[in-house]
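Colleague: To start, I am sharing the structure in question, which I have written as structure tokens.
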Amino acid sequence: MDGRRVTIRRALPAEVPLLARHRRAMFEEMGYRDIPALDAMCTAFEPWLAGRMASGEYVALVVEDAPGGIVAGAGVWFMDWPPHMIGPGAPRANIVNVYTEPAWRRQGLARRLMEAALAECRNRGVRAVILHASDAGRPLYESLGFDATNEMRLLL
């Protein structure tokens, strides 16, 4: 860090709109340009996120700078999962929405968020953690021990 003080904490319910804006910016930076689709995603995401944060199924972590602004965030979605070869069953964690404001990048914030997210997973006894990596995020995730898997996708 370049001397700027930051704190990692759980996001508050009132910060859901900001988390939705981060999610949108993440997708825009990955090349998504369909404005109506991005708008629809954010509109649907806010109540989804609020409900899952309230139930504890989703933990939103944020990085707050000393003046109180949110400069980065990440989410951990604890998903019900059947017993599997790589773990005895539920929950499985899906790390999503890892985003850092451009002015705060290259200072280790995403790594600190990922370490906090993985600690949350360990504390809950999660044995399997998944995520979808952007090209920019892949080196970080690999350095934390994530391996590429054989996941495929079909859009219906």
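The chains in the structure tokens are called A, B, ... from first to last as shown; in each chain the residues are counted from 1, and the ligands are counted from 1 in the order shown.
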Using only C-alpha atoms, what does the table of segment 16-88 of chain A residues within 12 Å of segment 118-140 of chain A look like, with each row giving the shortest atom pair and its distance in Å to one decimal, sorted by chain and ascending number, as a tab-separated table?
Modeller:
```
residue	atom	partner	partner_atom	distance
A:Met26	CA	A:Ser134	CA	9.2
A:Phe27	CA	A:Ser134	CA	9.5
A:Glu28	CA	A:Ser134	CA	11.7
A:Glu29	CA	A:Ser134	CA	9.5
A:Met30	CA	A:Ser134	CA	7.1
A:Gly31	CA	A:Ser134	CA	10.5
A:Gly56	CA	A:Arg124	CA	11.4
A:Glu57	CA	A:Arg124	CA	11.3
A:Tyr58	CA	A:Glu120	CA	10.9
A:Val59	CA	A:Glu120	CA	8.6
A:Ala60	CA	A:Glu120	CA	10.7
A:Leu61	CA	A:Glu120	CA	10.1
A:Ala74	CA	A:Leu118	CA	11.1
A:Gly75	CA	A:Leu131	CA	10.5
A:Val76	CA	A:Cys121	CA	8.1
A:Trp77	CA	A:Val129	CA	9.7
A:Phe78	CA	A:Cys121	CA	8.5
A:Met79	CA	A:Val129	CA	10.1
A:Asp80	CA	A:Val126	CA	11.0
A:Trp81	CA	A:Ala128	CA	10.0
A:Pro82	CA	A:Ala128	CA	11.8
A:Pro83	CA	A:Ala128	CA	11.1
A:His84	CA	A:Ala128	CA	9.8
A:Met85	CA	A:Ala128	CA	10.3
A:Ile86	CA	A:Ala128	CA	6.9
A:Gly87	CA	A:Arg127	CA	5.7
A:Pro88	CA	A:Arg127	CA	8.0
```
Colleague: Please dump the current selection as a compact mmCIF listing (two decimals), in the first residue's frame; keep C-alpha atoms.
Modeller:
```txt
# COMPACT_ATOMS: atom_id res chain seq x y z
CA MET A 26 -16.65 -5.55 -13.16
CA PHE A 27 -18.74 -6.84 -16.07
CA GLU A 28 -18.18 -3.68 -18.12
CA GLU A 29 -14.41 -4.05 -17.68
CA MET A 30 -14.69 -7.64 -18.90
CA GLY A 31 -16.22 -6.34 -22.13
CA GLY A 56 -26.23 -15.09 5.95
CA GLU A 57 -26.07 -17.05 2.70
CA TYR A 58 -23.93 -14.27 1.20
CA VAL A 59 -21.14 -12.41 2.96
CA ALA A 60 -20.15 -9.16 1.28
CA LEU A 61 -16.72 -7.88 2.24
CA ALA A 74 -15.84 -9.20 -2.84
CA GLY A 75 -18.64 -11.59 -2.04
CA VAL A 76 -18.84 -15.15 -0.76
CA TRP A 77 -22.01 -17.01 -1.65
CA PHE A 78 -22.50 -20.11 0.48
CA MET A 79 -24.41 -22.52 -1.75
CA ASP A 80 -26.22 -25.71 -0.83
CA TRP A 81 -24.32 -28.51 -2.55
CA PRO A 82 -24.81 -32.27 -2.65
CA PRO A 83 -22.14 -34.62 -1.26
CA HIS A 84 -19.32 -34.79 -3.77
CA MET A 85 -15.91 -36.36 -4.30
CA ILE A 86 -14.16 -33.13 -3.34
CA GLY A 87 -16.17 -32.48 -0.21
CA PRO A 88 -18.75 -34.04 2.05
```
Colleague: Go ahead and compute the interatomic distance for atom CA of Arg106 of chain A and atom CA of Asn94 of chain A, in Å to one decimal.
Modeller: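 Computed distance, atom CA of Arg106 of chain A to atom CA of Asn94 of chain A, equals 23.5 Å.
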Colleague: Just list the residues in chain A DSSP gives helix (DSSP H, G or I) on the backbone, as a VMD selection string.
Modeller: chain A and resid 13 to 29 35 to 55 102 to 104 109 to 123 138 to 143
Colleague: When distances are computed from only C-alpha atoms, which of A:Asp65, A:Glu115, A:Glu142, A:Asp147 shows the smallest separation from Arg4 of chain A?
Modeller: A:Asp65
Colleague: Tell me, as JSON, numbers by chain, which residues lie within 9 Å of Leu49 of chain A, counting only C-alpha atoms; anything in the same chain fewer than 4 positions away does not count.
Modeller: {"A": [16, 19, 20, 44, 45, 53, 54, 58, 60]}
Colleague: Just the selected residues (C-alpha atoms), exported as an mmCIF file, in the first residue's frame, please.
Modeller:
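New file result_29.cif:
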```cif
data_model
loop_
_atom_site.group_PDB
_atom_site.id
_atom_site.type_symbol
_atom_site.label_atom_id
_atom_site.label_comp_id
_atom_site.auth_asym_id
_atom_site.auth_seq_id
_atom_site.Cartn_x
_atom_site.Cartn_y
_atom_site.Cartn_z
ATOM 1 C CA VAL A 16 -26.141 -2.966 -1.559
ATOM 2 C CA LEU A 19 -22.068 -3.395 -4.440
ATOM 3 C CA ALA A 20 -24.360 -3.585 -7.477
ATOM 4 C CA ALA A 44 -32.492 -7.847 -10.194
ATOM 5 C CA PHE A 45 -29.226 -8.166 -8.270
ATOM 6 C CA MET A 53 -26.985 -10.964 3.006
ATOM 7 C CA ALA A 54 -29.849 -10.886 5.514
ATOM 8 C CA TYR A 58 -23.935 -14.271 1.197
ATOM 9 C CA ALA A 60 -20.147 -9.160 1.282
#
```
Colleague: For a test of reading the model, state the distance in Å between atom CA of Leu109 of chain A and atom CA of Ala72 of chain A, rounded to one decimal.
Modeller: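 Result for atom CA of Leu109 of chain A versus atom CA of Ala72 of chain A: 7.2 Å, one decimal.
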Colleague: Would you mind listing what lies within 10 Å of Gly108 of chain A as a PyMOL selection string, with only C-alpha atoms counted and same-chain residues fewer than 5 positions away left out?
Modeller: chain A and resi 1+100+113-114+140
Colleague: Contacts of Thr43 of chain A at 12 Å or less, counting only C-alpha atoms, minus same-chain residues fewer than 3 places along, as a ChimeraX atom specification?
Modeller: /A:16-17,19-21,23-24,36-40,46-50
Colleague: Name all residues at most 10 Å from Gly68 of chain A (count only C-alpha atoms; drop same-chain ones fewer than 3 positions away) and give them as a list in words.
Modeller: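 Close residues of Gly68 of chain A: Val6, Thr7, Val63, Glu64, Asp65 and Val71 of chain A.
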Colleague: Selection from above, N, CA and C atoms, as a PDB file, in the first residue's frame, can you write it?
Modeller:
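And here is the file that came out, part.pdb:
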```pdb
ATOM      1  N   VAL A   6      -6.545   1.432   5.165  1.00  0.00           N
ATOM      2  CA  VAL A   6      -7.809   0.812   4.786  1.00  0.00           C
ATOM      3  C   VAL A   6      -8.214  -0.212   5.834  1.00  0.00           C
ATOM      4  N   THR A   7      -9.510  -0.529   5.831  1.00  0.00           N
ATOM      5  CA  THR A   7     -10.072  -1.536   6.719  1.00  0.00           C
ATOM      6  C   THR A   7     -10.918  -2.475   5.882  1.00  0.00           C
ATOM      7  N   VAL A  63     -13.558  -3.067   1.284  1.00  0.00           N
ATOM      8  CA  VAL A  63     -12.394  -2.325   1.754  1.00  0.00           C
ATOM      9  C   VAL A  63     -12.818  -0.869   1.857  1.00  0.00           C
ATOM     10  N   GLU A  64     -12.646  -0.328   3.051  1.00  0.00           N
ATOM     11  CA  GLU A  64     -13.024   1.053   3.320  1.00  0.00           C
ATOM     12  C   GLU A  64     -11.756   1.856   3.565  1.00  0.00           C
ATOM     13  N   ASP A  65     -11.655   3.017   2.894  1.00  0.00           N
ATOM     14  CA  ASP A  65     -10.497   3.867   3.143  1.00  0.00           C
ATOM     15  C   ASP A  65     -10.746   4.727   4.380  1.00  0.00           C
ATOM     16  N   VAL A  71     -13.729   1.227  -1.505  1.00  0.00           N
ATOM     17  CA  VAL A  71     -12.849   1.243  -2.672  1.00  0.00           C
ATOM     18  C   VAL A  71     -12.674  -0.132  -3.311  1.00  0.00           C
TER      19      VAL A  71
END
```
Colleague: Among chain A, which ones does DSSP assign to strand (DSSP E or B) (computed from the backbone)? Answer as number ranges by chain.
Modeller: A: 6-10, 58-65, 70-79, 84, 87, 92-100, 129-131
Colleague: Can you write out the residues you just picked, keeping N, CA and C atoms, as an mmCIF file, in the first residue's frame?
Modeller:
```cif
data_model
loop_
_atom_site.group_PDB
_atom_site.id
_atom_site.type_symbol
_atom_site.label_atom_id
_atom_site.label_comp_id
_atom_site.auth_asym_id
_atom_site.auth_seq_id
_atom_site.Cartn_x
_atom_site.Cartn_y
_atom_site.Cartn_z
ATOM 1 N N VAL A 6 -6.545 1.432 5.165
ATOM 2 C CA VAL A 6 -7.809 0.812 4.786
ATOM 3 C C VAL A 6 -8.214 -0.212 5.834
ATOM 4 N N THR A 7 -9.510 -0.529 5.831
ATOM 5 C CA THR A 7 -10.072 -1.536 6.719
ATOM 6 C C THR A 7 -10.918 -2.475 5.882
ATOM 7 N N ILE A 8 -10.847 -3.766 6.187
ATOM 8 C CA ILE A 8 -11.749 -4.733 5.564
ATOM 9 C C ILE A 8 -12.839 -5.049 6.575
ATOM 10 N N ARG A 9 -14.085 -4.989 6.104
ATOM 11 C CA ARG A 9 -15.224 -5.265 6.983
ATOM 12 C C ARG A 9 -16.361 -5.829 6.150
ATOM 13 N N ARG A 10 -17.376 -6.328 6.843
ATOM 14 C CA ARG A 10 -18.587 -6.771 6.156
ATOM 15 C C ARG A 10 -19.365 -5.560 5.670
ATOM 16 N N TYR A 58 -24.899 -15.059 1.960
ATOM 17 C CA TYR A 58 -23.935 -14.271 1.197
ATOM 18 C C TYR A 58 -23.240 -13.323 2.167
ATOM 19 N N VAL A 59 -21.926 -13.346 2.165
ATOM 20 C CA VAL A 59 -21.142 -12.412 2.960
ATOM 21 C C VAL A 59 -20.445 -11.461 1.989
ATOM 22 N N ALA A 60 -20.779 -10.190 2.099
ATOM 23 C CA ALA A 60 -20.147 -9.160 1.282
ATOM 24 C C ALA A 60 -19.055 -8.500 2.113
ATOM 25 N N LEU A 61 -17.853 -8.520 1.582
ATOM 26 C CA LEU A 61 -16.717 -7.885 2.240
ATOM 27 C C LEU A 61 -16.327 -6.643 1.444
ATOM 28 N N VAL A 62 -15.975 -5.584 2.148
ATOM 29 C CA VAL A 62 -15.564 -4.354 1.483
ATOM 30 C C VAL A 62 -14.266 -3.836 2.094
ATOM 31 N N VAL A 63 -13.558 -3.067 1.284
ATOM 32 C CA VAL A 63 -12.394 -2.325 1.754
ATOM 33 C C VAL A 63 -12.818 -0.869 1.857
ATOM 34 N N GLU A 64 -12.646 -0.328 3.051
ATOM 35 C CA GLU A 64 -13.024 1.053 3.320
ATOM 36 C C GLU A 64 -11.756 1.856 3.565
ATOM 37 N N ASP A 65 -11.655 3.017 2.894
ATOM 38 C CA ASP A 65 -10.497 3.867 3.143
ATOM 39 C C ASP A 65 -10.746 4.727 4.380
ATOM 40 N N ILE A 70 -15.903 3.266 0.144
ATOM 41 C CA ILE A 70 -15.701 1.867 -0.219
ATOM 42 C C ILE A 70 -14.909 1.849 -1.521
ATOM 43 N N VAL A 71 -13.729 1.227 -1.505
ATOM 44 C CA VAL A 71 -12.849 1.243 -2.672
ATOM 45 C C VAL A 71 -12.674 -0.132 -3.311
ATOM 46 N N ALA A 72 -13.160 -1.178 -2.665
ATOM 47 C CA ALA A 72 -13.061 -2.529 -3.223
ATOM 48 C C ALA A 72 -14.044 -3.426 -2.491
ATOM 49 N N GLY A 73 -14.348 -4.554 -3.114
ATOM 50 C CA GLY A 73 -15.251 -5.491 -2.465
ATOM 51 C C GLY A 73 -15.164 -6.874 -3.084
ATOM 52 N N ALA A 74 -15.727 -7.823 -2.368
ATOM 53 C CA ALA A 74 -15.838 -9.202 -2.841
ATOM 54 C C ALA A 74 -16.979 -9.856 -2.086
ATOM 55 N N GLY A 75 -17.549 -10.871 -2.684
ATOM 56 C CA GLY A 75 -18.636 -11.590 -2.039
ATOM 57 C C GLY A 75 -18.349 -13.068 -1.950
ATOM 58 N N VAL A 76 -18.903 -13.696 -0.910
ATOM 59 C CA VAL A 76 -18.842 -15.145 -0.764
ATOM 60 C C VAL A 76 -20.277 -15.635 -0.652
ATOM 61 N N TRP A 77 -20.673 -16.439 -1.613
ATOM 62 C CA TRP A 77 -22.014 -17.009 -1.649
ATOM 63 C C TRP A 77 -21.904 -18.455 -1.199
ATOM 64 N N PHE A 78 -22.524 -18.761 -0.073
ATOM 65 C CA PHE A 78 -22.498 -20.113 0.481
ATOM 66 C C PHE A 78 -23.687 -20.869 -0.103
ATOM 67 N N MET A 79 -23.384 -21.827 -0.973
ATOM 68 C CA MET A 79 -24.408 -22.525 -1.749
ATOM 69 C C MET A 79 -24.627 -23.929 -1.200
ATOM 70 N N HIS A 84 -20.114 -34.753 -2.538
ATOM 71 C CA HIS A 84 -19.319 -34.788 -3.767
ATOM 72 C C HIS A 84 -17.963 -35.393 -3.454
ATOM 73 N N GLY A 87 -15.710 -32.989 -1.493
ATOM 74 C CA GLY A 87 -16.174 -32.479 -0.206
ATOM 75 C C GLY A 87 -17.410 -33.218 0.238
ATOM 76 N N ARG A 92 -20.921 -25.221 -0.298
ATOM 77 C CA ARG A 92 -19.786 -24.913 -1.163
ATOM 78 C C ARG A 92 -19.775 -23.394 -1.285
ATOM 79 N N ALA A 93 -18.617 -22.811 -1.336
ATOM 80 C CA ALA A 93 -18.538 -21.351 -1.433
ATOM 81 C C ALA A 93 -18.196 -20.947 -2.858
ATOM 82 N N ASN A 94 -18.858 -19.908 -3.310
ATOM 83 C CA ASN A 94 -18.589 -19.325 -4.616
ATOM 84 C C ASN A 94 -18.174 -17.876 -4.372
ATOM 85 N N ILE A 95 -16.943 -17.562 -4.689
ATOM 86 C CA ILE A 95 -16.461 -16.182 -4.529
ATOM 87 C C ILE A 95 -16.820 -15.416 -5.793
ATOM 88 N N VAL A 96 -17.495 -14.300 -5.597
ATOM 89 C CA VAL A 96 -18.013 -13.515 -6.715
ATOM 90 C C VAL A 96 -17.762 -12.026 -6.483
ATOM 91 N N ASN A 97 -17.893 -11.279 -7.547
ATOM 92 C CA ASN A 97 -17.916 -9.812 -7.480
ATOM 93 C C ASN A 97 -16.657 -9.214 -6.858
ATOM 94 N N VAL A 98 -15.507 -9.763 -7.183
ATOM 95 C CA VAL A 98 -14.247 -9.194 -6.708
ATOM 96 C C VAL A 98 -13.952 -7.975 -7.584
ATOM 97 N N TYR A 99 -13.901 -6.819 -6.955
ATOM 98 C CA TYR A 99 -13.722 -5.587 -7.721
ATOM 99 C C TYR A 99 -12.971 -4.557 -6.884
ATOM 100 N N THR A 100 -12.042 -3.862 -7.535
ATOM 101 C CA THR A 100 -11.296 -2.763 -6.910
ATOM 102 C C THR A 100 -11.418 -1.532 -7.800
ATOM 103 N N VAL A 129 -14.135 -24.294 -2.634
ATOM 104 C CA VAL A 129 -14.394 -22.905 -2.998
ATOM 105 C C VAL A 129 -14.207 -22.789 -4.503
ATOM 106 N N ILE A 130 -15.191 -22.182 -5.153
ATOM 107 C CA ILE A 130 -15.109 -21.996 -6.599
ATOM 108 C C ILE A 130 -15.196 -20.510 -6.917
ATOM 109 N N LEU A 131 -14.787 -20.164 -8.116
ATOM 110 C CA LEU A 131 -14.941 -18.808 -8.635
ATOM 111 C C LEU A 131 -14.756 -18.844 -10.138
#
```
